[in-house]
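File shown: run-v1.txt. Contents: compact mmCIF, C-alpha atoms and all ligand atoms.
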```txt
# COMPACT_ATOMS: atom_id res chain seq x y z
CA MET N 1 129.33 240.84 -243.97
CA LYS N 2 128.25 241.74 -240.49
CA GLU N 3 131.01 241.72 -237.94
CA ILE N 4 130.42 239.93 -234.71
CA THR N 5 130.81 242.55 -231.99
CA PRO N 6 132.51 241.54 -228.77
CA SER N 7 130.56 241.58 -225.53
CA SER N 8 130.04 245.00 -224.11
CA LEU N 9 128.77 246.24 -220.82
CA GLU N 10 126.86 249.41 -220.28
CA ILE N 11 127.79 250.72 -216.84
CA ILE N 12 125.31 252.93 -215.02
CA GLN N 13 126.69 254.80 -212.02
CA ILE N 14 124.20 255.51 -209.24
CA PRO N 15 125.35 257.86 -206.46
CA VAL N 16 123.65 257.04 -203.13
CA LEU N 17 123.94 257.89 -199.45
CA ARG N 18 126.64 260.41 -198.61
CA ASP N 19 129.35 259.26 -201.01
CA ASN N 20 128.64 255.69 -202.22
CA TYR N 21 128.45 254.56 -205.81
CA ILE N 22 126.32 251.63 -206.93
CA TYR N 23 127.02 250.26 -210.42
CA LEU N 24 124.36 248.74 -212.60
CA LEU N 25 125.88 246.53 -215.30
CA LEU N 26 123.91 245.83 -218.43
CA ASP N 27 125.11 243.31 -220.98
CA VAL N 28 123.93 245.14 -224.08
CA ALA N 29 123.69 242.04 -226.28
CA THR N 30 121.29 240.16 -224.02
CA GLY N 31 119.82 242.68 -221.57
CA SER N 32 121.24 240.69 -218.67
CA THR N 33 121.71 242.93 -215.65
CA ALA N 34 123.75 242.89 -212.45
CA VAL N 35 124.29 245.39 -209.69
CA VAL N 36 127.54 245.87 -207.80
CA ASP N 37 127.36 246.67 -204.07
CA PRO N 38 123.77 247.87 -203.67
CA ALA N 39 123.77 249.95 -200.50
CA VAL N 40 120.09 250.87 -200.90
CA GLU N 41 117.35 249.46 -203.11
CA GLY N 42 115.22 252.48 -204.08
CA PRO N 43 117.44 254.05 -206.76
CA VAL N 44 118.32 250.61 -208.17
CA LEU N 45 114.68 249.56 -208.54
CA LYS N 46 113.87 252.93 -210.09
CA GLU N 47 116.67 252.59 -212.66
CA LEU N 48 115.62 249.01 -213.47
CA SER N 49 111.97 249.93 -213.98
CA GLU N 50 112.76 253.01 -216.07
CA ARG N 51 114.86 250.87 -218.38
CA GLY N 52 112.53 247.89 -218.33
CA LEU N 53 115.24 245.60 -216.97
CA ASN N 54 115.12 242.69 -214.60
CA LEU N 55 118.00 242.06 -212.23
CA SER N 56 119.85 238.75 -212.60
CA PHE N 57 122.65 239.18 -210.09
CA ILE N 58 123.96 241.16 -207.16
CA LEU N 59 127.75 241.22 -207.07
CA ASN N 60 129.14 242.05 -203.62
CA THR N 61 132.77 243.07 -203.12
CA HIS N 62 132.58 242.71 -199.33
CA TYR N 63 130.21 242.47 -196.41
CA HIS N 64 130.01 246.07 -195.14
CA SER N 65 126.49 247.41 -194.84
CA ASP N 66 127.06 250.25 -197.30
CA HIS N 67 127.72 247.53 -199.93
CA VAL N 68 125.15 244.85 -199.06
CA GLY N 69 122.39 246.94 -197.47
CA ALA N 70 119.87 246.26 -200.24
CA ASN N 71 120.73 242.59 -200.86
CA LEU N 72 117.64 241.07 -199.26
CA ALA N 73 115.21 243.71 -200.51
CA LEU N 74 116.45 243.42 -204.10
CA LYS N 75 116.42 239.64 -203.95
CA ALA N 76 112.83 239.70 -202.71
CA ALA N 77 111.79 242.21 -205.36
CA THR N 78 113.57 240.66 -208.36
CA GLY N 79 114.51 237.06 -207.53
CA CYS N 80 118.14 237.80 -208.39
CA SER N 81 121.05 235.64 -207.23
CA ILE N 82 123.66 237.06 -204.89
CA ILE N 83 127.32 236.43 -205.67
CA GLY N 84 130.19 237.12 -203.31
CA LYS N 85 132.85 235.67 -201.08
CA SER N 86 131.31 235.08 -197.72
CA ALA N 87 132.89 233.85 -194.54
CA SER N 88 131.50 233.20 -191.10
CA GLU N 89 133.03 236.40 -189.71
CA GLU N 90 132.27 238.51 -192.78
CA MET N 91 128.75 237.41 -193.68
CA ILE N 92 127.04 238.60 -196.85
CA PRO N 93 123.22 238.62 -196.46
CA GLY N 94 121.37 236.26 -198.78
CA LEU N 95 124.49 234.92 -200.50
CA ASP N 96 123.69 232.28 -203.14
CA VAL N 97 126.97 231.70 -204.97
CA ARG N 98 130.31 231.77 -203.20
CA VAL N 99 133.16 232.70 -205.54
CA LEU N 100 136.93 232.58 -205.23
CA GLU N 101 139.98 233.92 -207.07
CA GLY N 102 139.87 233.14 -210.78
CA ASP N 103 136.16 232.27 -210.91
CA TRP N 104 134.12 233.81 -213.71
CA VAL N 105 130.75 235.48 -213.52
CA SER N 106 128.85 235.37 -216.81
CA LEU N 107 126.47 238.20 -217.49
CA GLY N 108 124.92 237.41 -220.84
CA ALA N 109 127.82 237.56 -223.28
CA SER N 110 130.04 239.48 -220.83
CA ARG N 111 132.41 237.80 -218.44
CA LEU N 112 133.78 239.13 -215.19
CA LYS N 113 136.72 237.54 -213.44
CA VAL N 114 136.85 237.38 -209.66
CA LEU N 115 140.00 238.78 -208.05
CA GLU N 116 140.61 238.25 -204.35
CA LEU N 117 141.82 241.51 -202.82
CA PRO N 118 142.10 241.20 -199.05
CA GLY N 119 143.10 244.19 -196.93
CA HIS N 120 140.11 246.46 -196.34
CA THR N 121 138.38 243.31 -195.15
CA ARG N 122 139.77 239.78 -195.12
CA HIS N 123 137.49 238.46 -197.83
CA HIS N 124 137.24 241.44 -200.15
CA ILE N 125 136.95 240.65 -203.89
CA ALA N 126 136.76 242.60 -207.16
CA PHE N 127 135.08 241.87 -210.48
CA TRP N 128 137.15 242.50 -213.60
CA SER N 129 135.99 242.58 -217.21
CA GLU N 130 139.04 242.45 -219.41
CA ALA N 131 136.98 242.94 -222.60
CA ASP N 132 135.41 246.10 -221.22
CA ALA N 133 138.59 247.32 -219.47
CA ALA N 134 136.65 247.79 -216.24
CA VAL N 135 137.29 246.63 -212.70
CA PHE N 136 134.86 247.00 -209.78
CA VAL N 137 137.09 247.26 -206.74
CA GLY N 138 134.74 248.15 -203.87
CA ASP N 139 136.81 249.67 -201.05
CA THR N 140 140.33 248.47 -201.98
CA LEU N 141 141.68 251.05 -204.41
CA PHE N 142 140.05 254.48 -204.39
CA ALA N 143 140.74 257.36 -206.74
CA LEU N 144 143.90 258.88 -205.19
CA GLY N 145 143.63 256.63 -202.14
CA CYS N 146 142.92 253.18 -200.78
CA GLY N 147 140.64 251.53 -198.27
CA ARG N 148 141.21 251.46 -194.53
CA LEU N 149 142.39 248.32 -192.78
CA LEU N 150 139.19 246.95 -191.25
CA GLY N 151 139.95 243.23 -191.18
CA GLY N 152 143.00 242.55 -193.31
CA THR N 153 146.63 243.53 -192.78
CA ALA N 154 148.70 246.28 -194.38
CA LEU N 155 150.64 243.58 -196.23
CA ASP N 156 147.36 242.10 -197.57
CA LEU N 157 146.23 245.46 -198.90
CA PHE N 158 149.66 246.29 -200.30
CA GLN N 159 149.69 243.01 -202.22
CA SER N 160 146.11 243.53 -203.39
CA LEU N 161 147.02 246.95 -204.78
CA GLN N 162 150.03 245.44 -206.55
CA LYS N 163 147.68 242.93 -208.15
CA LEU N 164 145.45 245.74 -209.42
CA LYS N 165 148.52 247.61 -210.64
CA ASP N 166 149.28 244.65 -212.89
CA LEU N 167 145.99 244.96 -214.80
CA PRO N 168 146.16 246.65 -218.24
CA SER N 169 146.90 250.34 -217.73
CA GLU N 170 143.84 251.49 -219.67
CA THR N 171 141.53 249.69 -217.22
CA LEU N 172 138.91 251.94 -215.64
CA VAL N 173 138.75 251.62 -211.86
CA TYR N 174 135.20 251.75 -210.50
CA CYS N 175 135.51 252.23 -206.76
CA ALA N 176 132.61 252.41 -204.34
CA HIS N 177 133.07 255.88 -202.84
CA GLU N 178 133.55 259.47 -203.94
CA TYR N 179 136.54 260.18 -201.69
CA THR N 180 138.82 261.65 -204.34
CA GLN N 181 139.04 265.23 -203.14
CA SER N 182 139.96 264.40 -199.53
CA ASN N 183 142.27 261.60 -200.69
CA GLY N 184 143.95 264.09 -203.00
CA ALA N 185 144.50 266.57 -200.18
CA PHE N 186 146.53 263.89 -198.42
CA ALA N 187 148.29 262.81 -201.62
CA LEU N 188 149.52 266.38 -202.17
CA THR N 189 151.17 266.42 -198.74
CA VAL N 190 153.22 263.29 -199.41
CA ASP N 191 153.89 263.87 -203.12
CA PRO N 192 154.07 267.67 -203.41
CA ARG N 193 156.31 267.73 -206.47
CA ASN N 194 154.10 265.52 -208.63
CA GLU N 195 152.79 267.72 -211.46
CA ALA N 196 150.37 265.09 -212.75
CA LEU N 197 148.85 264.96 -209.27
CA ALA N 198 148.55 268.76 -209.00
CA LEU N 199 146.86 268.91 -212.40
CA ARG N 200 144.53 266.05 -211.53
CA MET N 201 143.54 267.76 -208.28
CA GLN N 202 142.65 270.93 -210.15
CA ARG N 203 140.30 268.90 -212.31
CA VAL N 204 138.91 267.04 -209.31
CA ARG N 205 138.08 270.32 -207.54
CA GLU N 206 136.37 271.68 -210.64
CA ALA N 207 134.37 268.48 -211.11
CA ARG N 208 133.25 268.40 -207.50
CA LYS N 209 132.26 272.06 -207.57
CA LEU N 210 129.91 271.12 -210.40
CA GLY N 211 128.74 268.02 -208.50
CA ARG N 212 130.26 265.68 -211.06
CA PRO N 213 131.72 262.28 -210.15
CA THR N 214 135.51 261.82 -210.30
CA VAL N 215 135.06 258.05 -210.50
CA PRO N 216 135.86 255.94 -212.49
CA SER N 217 139.48 256.74 -213.16
CA LYS N 218 142.05 255.16 -215.42
CA LEU N 219 144.53 252.81 -213.79
CA SER N 220 147.40 254.58 -215.58
CA LEU N 221 146.37 257.86 -213.92
CA GLU N 222 146.19 256.15 -210.51
CA CYS N 223 149.68 254.74 -211.05
CA ALA N 224 150.94 258.26 -211.84
CA THR N 225 149.16 260.10 -209.00
CA ASN N 226 147.95 257.77 -206.23
CA PRO N 227 150.61 257.59 -203.50
CA PHE N 228 149.45 254.14 -202.39
CA LEU N 229 150.50 252.80 -205.82
CA ARG N 230 153.74 254.79 -205.74
CA THR N 231 155.52 253.24 -202.78
CA ASP N 232 158.63 252.86 -204.97
CA ASP N 233 158.78 256.58 -205.74
CA PRO N 234 162.02 258.22 -204.54
CA PHE N 235 160.40 261.66 -204.12
CA ILE N 236 157.65 260.33 -201.88
CA LYS N 237 160.22 258.47 -199.79
CA ALA N 238 162.38 261.61 -199.57
CA THR N 239 159.36 263.71 -198.52
CA LEU N 240 158.57 261.22 -195.77
CA GLY N 241 162.22 260.86 -194.72
CA ILE N 242 162.23 257.15 -195.53
CA PRO N 243 165.70 255.87 -196.44
CA HIS N 244 166.46 253.92 -199.60
CA GLY N 245 166.24 250.18 -199.21
CA VAL N 246 163.11 250.23 -197.05
CA LEU N 247 160.65 247.63 -198.34
CA GLU N 248 157.75 248.98 -200.40
CA GLU N 249 155.27 247.21 -198.14
CA ASP N 250 156.72 249.19 -195.21
CA VAL N 251 156.42 252.46 -197.13
CA PHE N 252 152.81 251.47 -197.76
CA ARG N 253 152.22 250.69 -194.06
CA HIS N 254 153.64 254.11 -193.16
CA LEU N 255 151.46 255.92 -195.72
CA ARG N 256 148.33 254.08 -194.60
CA ALA N 257 149.00 254.99 -190.95
CA MET N 258 149.63 258.64 -191.86
CA LYS N 259 146.40 258.77 -193.84
CA ASP N 260 144.47 257.33 -190.87
CA ASP N 261 145.53 260.38 -188.84
CA PHE N 262 145.13 262.90 -191.64
CA ARG N 263 142.34 265.45 -191.36
CA VAL N 264 141.34 267.83 -194.13
CA VAL N 265 141.11 271.31 -192.64
ZN ZN X 301 133.85 248.87 -196.77
FE FE X 302 132.34 251.26 -198.22
```
Could the structure of this file be written out as structure tokens, please?
Amino acid sequence: MKEITPSSLEIIQIPVLRDNYIYLLLDVATGSTAVVDPAVEGPVLKELSERGLNLSFILNTHYHSDHVGANLALKAATGCSIIGKSASEEMIPGLDVRVLEGDWVSLGASRLKVLELPGHTRHHIAFWSEADAAVFVGDTLFALGCGRLLGGTALDLFQSLQKLKDLPSETLVYCAHEYTQSNGAFALTVDPRNEALALRMQRVREARKLGRPTVPSKLSLECATNPFLRTDDPFIKATLGIPHGVLEEDVFRHLRAMKDDFRVV
């Protein structure tokens, strides 16, 4: 008897611009295709034509131009629908379907749940496929770092990261930028005794030397090595001279401010 296989997404990572990643999602069972945060259209159209795919949806995590830059061109070229959470002050070009926390996006047999993750911007969202253990987080959580505060508050972003932390630990985090090496340089300064972090950074350096992506990363690895998910860690607090009893959200605020001023030399 033939077993019915669960939905599965093929995820194609397209590096563009200086350090952006675009993700092309293909529902293998039906050939349905979506693209997450298309900064530019050329490489997306090339990938689609090489694979003989048509684009059904654009999924936008937020309104910044390096995430929506190709919205109108791709819509004109493919007739796709654009899905995101728009607001008057954070406008997504060509938006067709406005989604909110808990909404589902169906891509063939695959389903992605919308998570609202304010902080980097006020209306930032992520798309999570539980069945495929994948979450597309835009500029909220980065490998070894997190997004800057460009619209939301530190408390917003702290709470959004806590929400991501609660996803299953084997979830792969697909962020929108290759920032891992510079994020890691900062992480090492605030968490110098973390062996898992030191080991990860060795691997990151090797990968980058070979021009390989360090994204996606497993959520469990982020929880073990990303200081922005480790605001309860006594060693980080001791390194920063933060006394016990300080609220985690305040540790986070402190870390975020330090990172804003941090320069890799
Ligand atoms: Zn952004
Ligand atoms: Fe970005």
Provide the atom CA of Leu188 of chain N to atom CA of Thr239 of chain N distance in Å, to one decimal place.
->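 So the answer is 10.8 Å.
When the distance limit is 12 Å and all atoms listed in the file are what count, the residues near Ala238 of chain N, minus those fewer than 4 positions from it on the same chain, are Val190, Asp191, Pro192, Arg193, Thr231, Asp232, Asp233, Pro234, Ile242, Pro243, His244, Val246 and Val251 of chain N.
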One decimal, Å: what's the distance from atom CA of Val264 of chain N over to atom CA of His120 of chain N, could you say?
->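 Computed distance, atom CA of Val264 of chain N to atom CA of His120 of chain N, equals 21.5 Å.
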To check your reading of the model: which residues sit at most 10 Å from ligand FE 302 (chain X) when counting all atoms listed in the file? Write the answer as an mmCIF file with C-alpha atoms, keeping the file's coordinate frame.
```
data_model
loop_
_atom_site.group_PDB
_atom_site.id
_atom_site.type_symbol
_atom_site.label_atom_id
_atom_site.label_comp_id
_atom_site.auth_asym_id
_atom_site.auth_seq_id
_atom_site.Cartn_x
_atom_site.Cartn_y
_atom_site.Cartn_z
ATOM 1 C CA ASP N 19 129.350 259.260 -201.010
ATOM 2 C CA ASN N 20 128.640 255.690 -202.220
ATOM 3 C CA TYR N 21 128.450 254.560 -205.810
ATOM 4 C CA ASP N 37 127.360 246.670 -204.070
ATOM 5 C CA ALA N 39 123.770 249.950 -200.500
ATOM 6 C CA THR N 61 132.770 243.070 -203.120
ATOM 7 C CA HIS N 62 132.580 242.710 -199.330
ATOM 8 C CA TYR N 63 130.210 242.470 -196.410
ATOM 9 C CA HIS N 64 130.010 246.070 -195.140
ATOM 10 C CA SER N 65 126.490 247.410 -194.840
ATOM 11 C CA ASP N 66 127.060 250.250 -197.300
ATOM 12 C CA HIS N 67 127.720 247.530 -199.930
ATOM 13 C CA VAL N 68 125.150 244.850 -199.060
ATOM 14 C CA HIS N 120 140.110 246.460 -196.340
ATOM 15 C CA GLY N 138 134.740 248.150 -203.870
ATOM 16 C CA ASP N 139 136.810 249.670 -201.050
ATOM 17 C CA THR N 140 140.330 248.470 -201.980
ATOM 18 C CA GLY N 147 140.640 251.530 -198.270
ATOM 19 C CA ARG N 148 141.210 251.460 -194.530
ATOM 20 C CA CYS N 175 135.510 252.230 -206.760
ATOM 21 C CA ALA N 176 132.610 252.410 -204.340
ATOM 22 C CA HIS N 177 133.070 255.880 -202.840
#
```
Judged by only C-alpha atoms and all ligand atoms, the minimum distance to ligand ZN 301 (chain X) among N:Ser160, N:Ser81, N:Asn194, N:Thr121 is found for N:Thr121
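Excluding Val204 of chain N itself and same-chain residues fewer than 2 positions from it, the residues having an atom within 10 Å of it are N:Thr180, N:Gln181, N:Gly184, N:Ala198, N:Leu199, N:Arg200, N:Met201, N:Gln202, N:Glu206, N:Ala207, N:Arg208, N:Lys209, N:Leu210, N:Arg212, N:Pro213, N:Thr214, N:Val215, counting all atoms listed in the file.
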Could you tell me how far atom CA of Glu50 of chain N lies from atom CA of Pro38 of chain N, in Å and to one decimal?
-> 17.4 Å
Please provide as a count of residues only all residues within 10 Å of Pro93 of chain N, with the sequence filter that same-chain residues fewer than 4 positions apart are discarded (counting only C-alpha atoms).
-> 11
Tell me which protein, DNA and RNA residues are within 9 Å of Lys163 of chain N, counting all atoms listed in the file, leaving out same-chain ones fewer than 5 positions away, and put them as a PyMOL selection string.
-> chain N and resi 115+117+158
What's the 8 Å shell around Tyr23 of chain N, counting all atoms listed in the file, without same-chain residues fewer than 4 positions away, as a PyMOL selection string?
-> chain N and resi 11-14+35-38
Selected residue, from N:Lys113, N:Lys237, N:Arg51, N:Arg203, that lies nearest to Ala131 of chain N when counting all atoms listed in the file | N:Lys113
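Between Ile22 of chain N and the residues N:Tyr179, N:Phe252, N:Phe136, N:Phe142, the shortest atom-to-atom distance, using all atoms listed in the file, involves N:Phe136.
Minimum distance to ligand ZN 301 (chain X) across N:Met258, N:Ala73, N:Ala224, N:Leu141 (counting only C-alpha atoms and all ligand atoms) occurs at N:Leu141.
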Build an axis-aligned box that encloses every atom of segment 108-113 of chain N listed in the file, pad it by 5 Å on each side, and report its centre and edge lengths in Å to one decimal, as AutoDock Vina command-line options.
```
--center_x 130.8 --center_y 238.4 --center_z -218.4 --size_x 21.8 --size_y 12.1 --size_z 19.8
```
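Remark: for Ser8 of chain N, the closest of the candidate residues N:Gly241, N:Gly94, N:Gly42, N:Gly108 is N:Gly108 (distances computed over only C-alpha atoms).
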Residue among N:Ile125, N:Ala196, N:Leu25, N:Leu247 lying closest to ligand ZN 301 (chain X), counting only C-alpha atoms and all ligand atoms = N:Ile125
